[in-house]
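S.K.: What follows is a structure written as structure tokens; I'll ask about it next.
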Amino acid sequence: MERIEEKLKDIEKEYLELQEGITEYSNNNLKSADLKKRGSKFGIYEQKGKKMMLRLKAVGGELSIEKFKSLAGIMEKEEIPYLHLSTRQNYQLHEVEFERVKDTIEQCNSKEMYFRGGGGNTFRSILVSTYTGVDKRNIFDVMPYARMVENEVFFMDKAFDFGRKLKIGFSNSLDDEFVMAVQDMGFVAKEINGEKGFKVYCGGGMGRGSKIGHVLIEFLPETDLLRAVKALINLFYDRGDRVNRMQARLRFLVEKMGFEGFKKLYLDYFEKETIVNGKIPKIDYEKKVRELKQFDEIENSETFNLWKDICTKETKFKDIVSLVLYVKNGDLSAKDIEKLYILMKDINTPTIRATINQNLVIPLVHKSAIPYIYKYLSETIPEIVTETISIRGQIRACVGAKVCMIGVQDSQSIADAIGDELDQLAKEFPQYRKIIFKEAKNIRISGCPSSCAGVPVAPLGFIGLKKKINDKLVDCMQVYMGGILTDSIQSLAFEIPNLILPIDEIPILVKSLFRDYLEILQVYDITFSNYMYERRLEEF
Ligand code: SF4
């Protein structure tokens, strides 16, 4: 803690510059781009309507329930209307008034929630498999490793002064292996003869020039983890492109050097690095499981059973499940957070995690608590239940142009319109409602090419742009198909040539693709992801 306080003092000057920048900007004495330079490295960005967004880092999206509650307190005090869950498991405070930014930062820091590396050309927040530690298919829990890396990197100044951002992630099982293959560096848990370690991917990424990464190290012993990360930080600091932003992500360096050349260079850095992290202490989940509260309530309605089937996932512990809370658009008010805190206190669970699908997961819940939770949510935050069972709730869309400064299209309204069309389809084919519901999660919509909703790995994705049609600039979306990451096929989504459609045609296209899919299903058992992969080379 002392070490962190010292570091925060060290970087206080940069926070002050940001605060001064905000004042200058509101007095029209500073350009928006200059304000961005001061704030982005902390994940603090201007939003439309002269407000700010503050992005808090949380390793693997995990917060103790006390920290989660303290967010509500800060939001109420600073009159922050909502918290947004990002696709990288971050917690974003939205529409913060200019004059309240400084206080908000200080309050978050005092609760041990930090902004360093929330955005800009820095070491970004670490992605972690949502169900790590509790998952039945757990190879081993990667959360303590990710935390250790985050805690150490926080003090490495080079990691916050790159030419471009650097993203890493950890997977506890093979289920998320390919999510890790599209990180700058991804670690997948691996055990050989009882020795823990990681398979390491490098050079992947989403966005411009999306790439599936290469296997850099087949087995990295756990004791060398920090050494591996530090070697990458030093290499990227020294060799990353600082001139051409469009070519500055690590994957472009790998491409330029060729993978073998890059690997040789990386291993040189790795050999020179002497830092050792040693063995990492485990998290005691068994103790947390023993403390979970049990309930006697019973519920058997049809909606309850539907909700329960969708939202609960068995864990490796007897009678314990993980529970998904679907959050519409990933937005929560302070009141919602408080209500969720009361619920988590009632069931005596210690943590909550934000997911890459912009939802929340309570990793540990006693099965007997599920009827109680259902009743509580239905009475206090009914949207969480209705959203869970709505098709729209499954579609992943970024915040979009309504709030995002660089957004081109309003992804959220397009997702709403697609949800309506698919609801219609489900009414036509009630026997397929469950399938439509399940497969709707494969639709991803980004309001601009930054692709925050993860279109490059989407079976069916859309990216917002504007196109001249008959001399008029029209609101459009580029269509992508065929992103799939399974054991047998690994493919990024294809940009379908010439398939740039006006936004009002997008829901119709989705409905017709789903209709075709349902027809195929009658003769051929295929997932929607595989189906879209098959169609990716078709002419539309
Ligand atoms: S994809 Fe574009 S519009 Fe959507 S959140 Fe990212 S930057 Fe904003």
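Just so we're on the same page: first chain in the structure tokens is A, next is B, and so on; residues restart at 1 for each chain, and ligands are numbered from 1 in the order they show up.
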Compute the set of protein, DNA and RNA residues whose minimum atom distance to ligand 1 is at most 9 Å, using only C-alpha atoms and all ligand atoms, and state it as a PDB file with N, CA and C atoms, in the first residue's frame.
M.R.:
```
ATOM      1  N   SER A  86     -17.378  -2.405 -19.605  1.00  0.00           N
ATOM      2  CA  SER A  86     -16.784  -2.400 -20.950  1.00  0.00           C
ATOM      3  C   SER A  86     -16.519  -3.826 -21.414  1.00  0.00           C
ATOM      4  N   ALA A 397     -23.190  -5.007 -28.195  1.00  0.00           N
ATOM      5  CA  ALA A 397     -22.977  -3.758 -28.927  1.00  0.00           C
ATOM      6  C   ALA A 397     -22.165  -2.808 -28.045  1.00  0.00           C
ATOM      7  N   CYS A 398     -21.275  -2.035 -28.657  1.00  0.00           N
ATOM      8  CA  CYS A 398     -20.501  -1.063 -27.878  1.00  0.00           C
ATOM      9  C   CYS A 398     -21.405   0.122 -27.491  1.00  0.00           C
ATOM     10  N   VAL A 399     -20.864   1.100 -26.763  1.00  0.00           N
ATOM     11  CA  VAL A 399     -21.724   2.221 -26.326  1.00  0.00           C
ATOM     12  C   VAL A 399     -22.228   3.054 -27.504  1.00  0.00           C
ATOM     13  N   GLY A 400     -21.409   3.123 -28.573  1.00  0.00           N
ATOM     14  CA  GLY A 400     -21.857   3.789 -29.789  1.00  0.00           C
ATOM     15  C   GLY A 400     -21.781   5.297 -29.767  1.00  0.00           C
ATOM     16  N   ALA A 401     -22.186   5.863 -30.903  1.00  0.00           N
ATOM     17  CA  ALA A 401     -21.949   7.280 -31.160  1.00  0.00           C
ATOM     18  C   ALA A 401     -22.749   8.235 -30.277  1.00  0.00           C
ATOM     19  N   LYS A 402     -23.759   7.737 -29.594  1.00  0.00           N
ATOM     20  CA  LYS A 402     -24.532   8.643 -28.735  1.00  0.00           C
ATOM     21  C   LYS A 402     -23.655   9.244 -27.647  1.00  0.00           C
ATOM     22  N   VAL A 403     -22.719   8.438 -27.142  1.00  0.00           N
ATOM     23  CA  VAL A 403     -21.840   8.951 -26.087  1.00  0.00           C
ATOM     24  C   VAL A 403     -20.368   8.968 -26.475  1.00  0.00           C
ATOM     25  N   CYS A 404     -19.980   8.125 -27.418  1.00  0.00           N
ATOM     26  CA  CYS A 404     -18.557   7.984 -27.720  1.00  0.00           C
ATOM     27  C   CYS A 404     -18.100   9.071 -28.695  1.00  0.00           C
ATOM     28  N   MET A 405     -16.997   9.758 -28.330  1.00  0.00           N
ATOM     29  CA  MET A 405     -16.523  10.889 -29.138  1.00  0.00           C
ATOM     30  C   MET A 405     -16.168  10.485 -30.566  1.00  0.00           C
ATOM     31  N   ILE A 406     -15.591   9.264 -30.729  1.00  0.00           N
ATOM     32  CA  ILE A 406     -15.198   8.905 -32.093  1.00  0.00           C
ATOM     33  C   ILE A 406     -16.200   7.970 -32.764  1.00  0.00           C
ATOM     34  N   GLY A 407     -17.289   7.718 -32.095  1.00  0.00           N
ATOM     35  CA  GLY A 407     -18.307   6.830 -32.663  1.00  0.00           C
ATOM     36  C   GLY A 407     -18.922   7.414 -33.929  1.00  0.00           C
ATOM     37  N   VAL A 408     -19.266   6.541 -34.861  1.00  0.00           N
ATOM     38  CA  VAL A 408     -19.886   6.994 -36.114  1.00  0.00           C
ATOM     39  C   VAL A 408     -21.368   6.616 -36.121  1.00  0.00           C
ATOM     40  N   GLN A 409     -21.679   5.413 -35.611  1.00  0.00           N
ATOM     41  CA  GLN A 409     -23.073   4.982 -35.605  1.00  0.00           C
ATOM     42  C   GLN A 409     -23.517   4.577 -34.201  1.00  0.00           C
ATOM     43  N   ASP A 410     -24.838   4.671 -34.001  1.00  0.00           N
ATOM     44  CA  ASP A 410     -25.406   4.358 -32.696  1.00  0.00           C
ATOM     45  C   ASP A 410     -25.654   2.852 -32.593  1.00  0.00           C
ATOM     46  N   SER A 411     -24.634   2.133 -32.162  1.00  0.00           N
ATOM     47  CA  SER A 411     -24.705   0.664 -32.142  1.00  0.00           C
ATOM     48  C   SER A 411     -25.851   0.142 -31.272  1.00  0.00           C
ATOM     49  N   ILE A 445     -21.801  -5.596 -32.598  1.00  0.00           N
ATOM     50  CA  ILE A 445     -21.944  -4.332 -33.326  1.00  0.00           C
ATOM     51  C   ILE A 445     -21.025  -3.272 -32.728  1.00  0.00           C
ATOM     52  N   SER A 446     -20.190  -2.697 -33.580  1.00  0.00           N
ATOM     53  CA  SER A 446     -19.309  -1.610 -33.133  1.00  0.00           C
ATOM     54  C   SER A 446     -19.666  -0.341 -33.886  1.00  0.00           C
ATOM     55  N   GLY A 447     -19.679   0.763 -33.160  1.00  0.00           N
ATOM     56  CA  GLY A 447     -20.086   2.025 -33.768  1.00  0.00           C
ATOM     57  C   GLY A 447     -19.045   2.653 -34.682  1.00  0.00           C
ATOM     58  N   CYS A 448     -17.823   2.103 -34.694  1.00  0.00           N
ATOM     59  CA  CYS A 448     -16.768   2.617 -35.576  1.00  0.00           C
ATOM     60  C   CYS A 448     -15.685   1.541 -35.709  1.00  0.00           C
ATOM     61  N   PRO A 449     -14.680   1.757 -36.584  1.00  0.00           N
ATOM     62  CA  PRO A 449     -13.691   0.695 -36.813  1.00  0.00           C
ATOM     63  C   PRO A 449     -12.835   0.332 -35.594  1.00  0.00           C
ATOM     64  N   SER A 450     -12.910   1.088 -34.491  1.00  0.00           N
ATOM     65  CA  SER A 450     -12.139   0.684 -33.313  1.00  0.00           C
ATOM     66  C   SER A 450     -12.593  -0.674 -32.815  1.00  0.00           C
ATOM     67  N   SER A 451     -13.815  -1.019 -33.144  1.00  0.00           N
ATOM     68  CA  SER A 451     -14.316  -2.374 -32.936  1.00  0.00           C
ATOM     69  C   SER A 451     -14.311  -2.843 -31.484  1.00  0.00           C
ATOM     70  N   CYS A 452     -14.772  -1.988 -30.603  1.00  0.00           N
ATOM     71  CA  CYS A 452     -14.756  -2.341 -29.175  1.00  0.00           C
ATOM     72  C   CYS A 452     -15.662  -3.533 -28.857  1.00  0.00           C
ATOM     73  N   ALA A 453     -16.628  -3.816 -29.716  1.00  0.00           N
ATOM     74  CA  ALA A 453     -17.500  -4.971 -29.426  1.00  0.00           C
ATOM     75  C   ALA A 453     -16.882  -6.281 -29.913  1.00  0.00           C
ATOM     76  N   GLY A 454     -15.680  -6.209 -30.448  1.00  0.00           N
ATOM     77  CA  GLY A 454     -14.989  -7.453 -30.836  1.00  0.00           C
ATOM     78  C   GLY A 454     -15.477  -8.053 -32.141  1.00  0.00           C
ATOM     79  N   ILE A 463     -19.738  -2.949 -38.445  1.00  0.00           N
ATOM     80  CA  ILE A 463     -18.928  -1.804 -38.032  1.00  0.00           C
ATOM     81  C   ILE A 463     -19.500  -0.539 -38.666  1.00  0.00           C
ATOM     82  N   GLY A 464     -19.738   0.468 -37.837  1.00  0.00           N
ATOM     83  CA  GLY A 464     -20.373   1.698 -38.308  1.00  0.00           C
ATOM     84  C   GLY A 464     -19.448   2.571 -39.150  1.00  0.00           C
TER      85      GLY A 464
END
```
S.K.: If we count only C-alpha atoms and set the cut-off at 12 Å, which residues sit around Lys7 of chain A, ignoring sequence neighbours fewer than 5 positions away in its own chain? Please answer as a list of chain:residue names.
M.R.: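 Here the answer would be A:Met1, A:Glu2, A:Glu12, A:Lys13, A:Glu14, A:Asn109, A:Tyr114, A:Arg116, A:Asn151, A:Glu152, A:Val153, A:Phe154, A:Phe155, A:Met156, A:Asp157.
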S.K.: Hey, can you spit out that residue selection with C-alpha atoms as a PDB file, in the first residue's frame?
M.R.:
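Everything below was put into out.pdb:
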```pdb
ATOM      1  CA  MET A   1       0.000   0.000   0.000  1.00  0.00           C
ATOM      2  CA  GLU A   2       2.842   2.358   0.936  1.00  0.00           C
ATOM      3  CA  GLU A  12       0.302  13.261  -9.133  1.00  0.00           C
ATOM      4  CA  LYS A  13       1.797  15.852 -11.464  1.00  0.00           C
ATOM      5  CA  GLU A  14       0.175  14.125 -14.418  1.00  0.00           C
ATOM      6  CA  ASN A 109      -7.764   5.877  -5.420  1.00  0.00           C
ATOM      7  CA  TYR A 114      -6.799   2.998  -9.905  1.00  0.00           C
ATOM      8  CA  ARG A 116      -3.186   4.165 -14.349  1.00  0.00           C
ATOM      9  CA  ASN A 151       0.606  -5.215  -9.140  1.00  0.00           C
ATOM     10  CA  GLU A 152       4.169  -5.342 -10.435  1.00  0.00           C
ATOM     11  CA  VAL A 153       3.610  -3.621 -13.776  1.00  0.00           C
ATOM     12  CA  PHE A 154       1.922  -0.712 -11.964  1.00  0.00           C
ATOM     13  CA  PHE A 155       5.415   0.394 -10.898  1.00  0.00           C
ATOM     14  CA  MET A 156       7.122   0.013 -14.287  1.00  0.00           C
ATOM     15  CA  ASP A 157       7.063   3.462 -15.866  1.00  0.00           C
TER      16      ASP A 157
END
```
S.K.: A:Asp184, A:Asp238, A:Glu195, A:Asp161: which is nearest Phe219 of chain A, counting only C-alpha atoms?
M.R.: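 Looking only at the distances to Phe219 of chain A, the closest residue turns out to be A:Glu195.
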S.K.: Excluding same-chain residues fewer than 3 positions from Glu534 of chain A, what lies within 12 Å of it counting only C-alpha atoms, as a PDB file with N, CA and C atoms, in the first residue's frame?
M.R.:
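As a result, part-v2.pdb now contains:
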```pdb
ATOM      1  N   PRO A 459     -19.034 -14.206 -35.390  1.00  0.00           N
ATOM      2  CA  PRO A 459     -19.626 -14.939 -36.512  1.00  0.00           C
ATOM      3  C   PRO A 459     -20.398 -13.986 -37.433  1.00  0.00           C
ATOM      4  N   LEU A 460     -21.069 -12.990 -36.834  1.00  0.00           N
ATOM      5  CA  LEU A 460     -21.781 -11.990 -37.636  1.00  0.00           C
ATOM      6  C   LEU A 460     -21.567 -10.627 -36.964  1.00  0.00           C
ATOM      7  N   MET A 481     -18.476 -11.497 -41.557  1.00  0.00           N
ATOM      8  CA  MET A 481     -19.001 -12.841 -41.264  1.00  0.00           C
ATOM      9  C   MET A 481     -17.847 -13.817 -41.050  1.00  0.00           C
ATOM     10  N   GLY A 482     -18.155 -14.848 -40.286  1.00  0.00           N
ATOM     11  CA  GLY A 482     -17.256 -16.009 -40.246  1.00  0.00           C
ATOM     12  C   GLY A 482     -16.176 -15.999 -39.194  1.00  0.00           C
ATOM     13  N   GLY A 483     -16.241 -15.091 -38.208  1.00  0.00           N
ATOM     14  CA  GLY A 483     -15.261 -15.156 -37.114  1.00  0.00           C
ATOM     15  C   GLY A 483     -15.559 -16.392 -36.282  1.00  0.00           C
ATOM     16  N   ILE A 484     -14.575 -17.238 -36.098  1.00  0.00           N
ATOM     17  CA  ILE A 484     -14.827 -18.463 -35.334  1.00  0.00           C
ATOM     18  C   ILE A 484     -13.520 -18.930 -34.707  1.00  0.00           C
ATOM     19  N   ILE A 489     -11.384 -24.948 -36.114  1.00  0.00           N
ATOM     20  CA  ILE A 489     -11.293 -23.801 -37.036  1.00  0.00           C
ATOM     21  C   ILE A 489     -10.953 -22.543 -36.237  1.00  0.00           C
ATOM     22  N   SER A 491     -10.592 -18.660 -37.274  1.00  0.00           N
ATOM     23  CA  SER A 491     -10.629 -17.687 -38.362  1.00  0.00           C
ATOM     24  C   SER A 491     -11.178 -16.362 -37.857  1.00  0.00           C
ATOM     25  N   ALA A 493     -13.118 -12.776 -38.537  1.00  0.00           N
ATOM     26  CA  ALA A 493     -14.269 -12.466 -39.387  1.00  0.00           C
ATOM     27  C   ALA A 493     -13.811 -11.840 -40.704  1.00  0.00           C
ATOM     28  N   PHE A 494     -14.497 -12.188 -41.779  1.00  0.00           N
ATOM     29  CA  PHE A 494     -14.178 -11.629 -43.098  1.00  0.00           C
ATOM     30  C   PHE A 494     -14.991 -10.365 -43.336  1.00  0.00           C
ATOM     31  N   TYR A 517     -30.690 -19.840 -41.627  1.00  0.00           N
ATOM     32  CA  TYR A 517     -30.024 -20.759 -40.693  1.00  0.00           C
ATOM     33  C   TYR A 517     -31.033 -21.766 -40.115  1.00  0.00           C
ATOM     34  N   ILE A 520     -31.762 -24.409 -42.660  1.00  0.00           N
ATOM     35  CA  ILE A 520     -30.664 -25.376 -42.767  1.00  0.00           C
ATOM     36  C   ILE A 520     -30.700 -26.358 -41.587  1.00  0.00           C
ATOM     37  N   ILE A 526     -25.889 -27.862 -37.275  1.00  0.00           N
ATOM     38  CA  ILE A 526     -24.715 -26.971 -37.395  1.00  0.00           C
ATOM     39  C   ILE A 526     -24.902 -25.791 -36.449  1.00  0.00           C
ATOM     40  N   THR A 527     -23.813 -25.304 -35.866  1.00  0.00           N
ATOM     41  CA  THR A 527     -23.954 -24.118 -35.017  1.00  0.00           C
ATOM     42  C   THR A 527     -24.033 -22.873 -35.909  1.00  0.00           C
ATOM     43  N   PHE A 528     -24.534 -21.789 -35.362  1.00  0.00           N
ATOM     44  CA  PHE A 528     -24.618 -20.550 -36.134  1.00  0.00           C
ATOM     45  C   PHE A 528     -23.212 -20.076 -36.530  1.00  0.00           C
ATOM     46  N   SER A 529     -22.240 -20.260 -35.633  1.00  0.00           N
ATOM     47  CA  SER A 529     -20.866 -19.832 -35.936  1.00  0.00           C
ATOM     48  C   SER A 529     -20.330 -20.594 -37.151  1.00  0.00           C
ATOM     49  N   ASN A 530     -20.532 -21.909 -37.136  1.00  0.00           N
ATOM     50  CA  ASN A 530     -20.048 -22.684 -38.285  1.00  0.00           C
ATOM     51  C   ASN A 530     -20.800 -22.316 -39.562  1.00  0.00           C
ATOM     52  N   TYR A 531     -22.100 -22.064 -39.396  1.00  0.00           N
ATOM     53  CA  TYR A 531     -22.915 -21.697 -40.561  1.00  0.00           C
ATOM     54  C   TYR A 531     -22.413 -20.388 -41.183  1.00  0.00           C
ATOM     55  N   LEU A 537     -17.691 -16.672 -47.729  1.00  0.00           N
ATOM     56  CA  LEU A 537     -17.115 -16.377 -49.048  1.00  0.00           C
ATOM     57  C   LEU A 537     -18.178 -16.213 -50.139  1.00  0.00           C
ATOM     58  N   GLU A 538     -19.441 -16.276 -49.699  1.00  0.00           N
ATOM     59  CA  GLU A 538     -20.523 -16.126 -50.667  1.00  0.00           C
ATOM     60  C   GLU A 538     -20.593 -14.698 -51.208  1.00  0.00           C
TER      61      GLU A 538
END
```
S.K.: Give the answer as one residue: which of A:Glu338, A:Glu255, A:Asp135, A:Asp309 has the shortest atom-to-atom distance to Ile389 of chain A, using only C-alpha atoms?
M.R.: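 Selected residue with least distance to Ile389 of chain A: A:Asp309.
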S.K.: Pick out the closest residue to Arg290 of chain A from this set: A:Val324, A:Glu99, A:Val365, A:Ala228. Count only C-alpha atoms.
M.R.: A:Val365
S.K.: For the structure I just gave you, how does DSSP split segment 109-358 of chain A - specifically, which residues are helix (DSSP H, G or I)? Reply as a PyMOL selection string.
M.R.: chain A and resi 109-110+143-153+157-160+174-180+222-239+245-247+250-257+259-272+285-291+302-311+328-330+334-347
S.K.: Do a neighbour search on Ile320 of chain A at 8 Å with only C-alpha atoms, toss out local chain neighbours closer than 3 positions, and write the hits as a PDB file with C-alpha atoms, in the first residue's frame.
M.R.:
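The file below, out_5.pdb, is the result:
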```pdb
ATOM      1  CA  VAL A 289     -17.725 -21.706  -0.428  1.00  0.00           C
ATOM      2  CA  GLU A 314     -22.244 -25.419 -12.508  1.00  0.00           C
ATOM      3  CA  THR A 315     -18.909 -24.966 -10.758  1.00  0.00           C
ATOM      4  CA  LYS A 316     -16.369 -27.514  -9.578  1.00  0.00           C
ATOM      5  CA  PHE A 317     -17.840 -27.238  -6.067  1.00  0.00           C
ATOM      6  CA  LEU A 364     -19.953 -18.318  -6.091  1.00  0.00           C
ATOM      7  CA  VAL A 365     -23.608 -18.804  -5.163  1.00  0.00           C
ATOM      8  CA  HIS A 366     -25.168 -21.645  -3.169  1.00  0.00           C
ATOM      9  CA  LYS A 367     -27.757 -23.398  -5.371  1.00  0.00           C
TER      10      LYS A 367
END
```
S.K.: So what do you get for atom CA of Lys165 of chain A versus atom CA of Ser26 of chain A, distance-wise?
M.R.: 27.7 Å
S.K.: What is the atom CA of Lys441 of chain A-atom CA of Met143 of chain A distance in Å, reported with one decimal?
M.R.: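 Computing the Euclidean distance for atom CA of Lys441 of chain A and atom CA of Met143 of chain A yields 25.4 Å.
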S.K.: If you measure from atom CA of Gly21 of chain A to atom CA of Lys37 of chain A, what distance in Å do you get, rounded to one decimal?
M.R.: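 So the two atoms, atom CA of Gly21 of chain A and atom CA of Lys37 of chain A, lie 9.7 Å apart.
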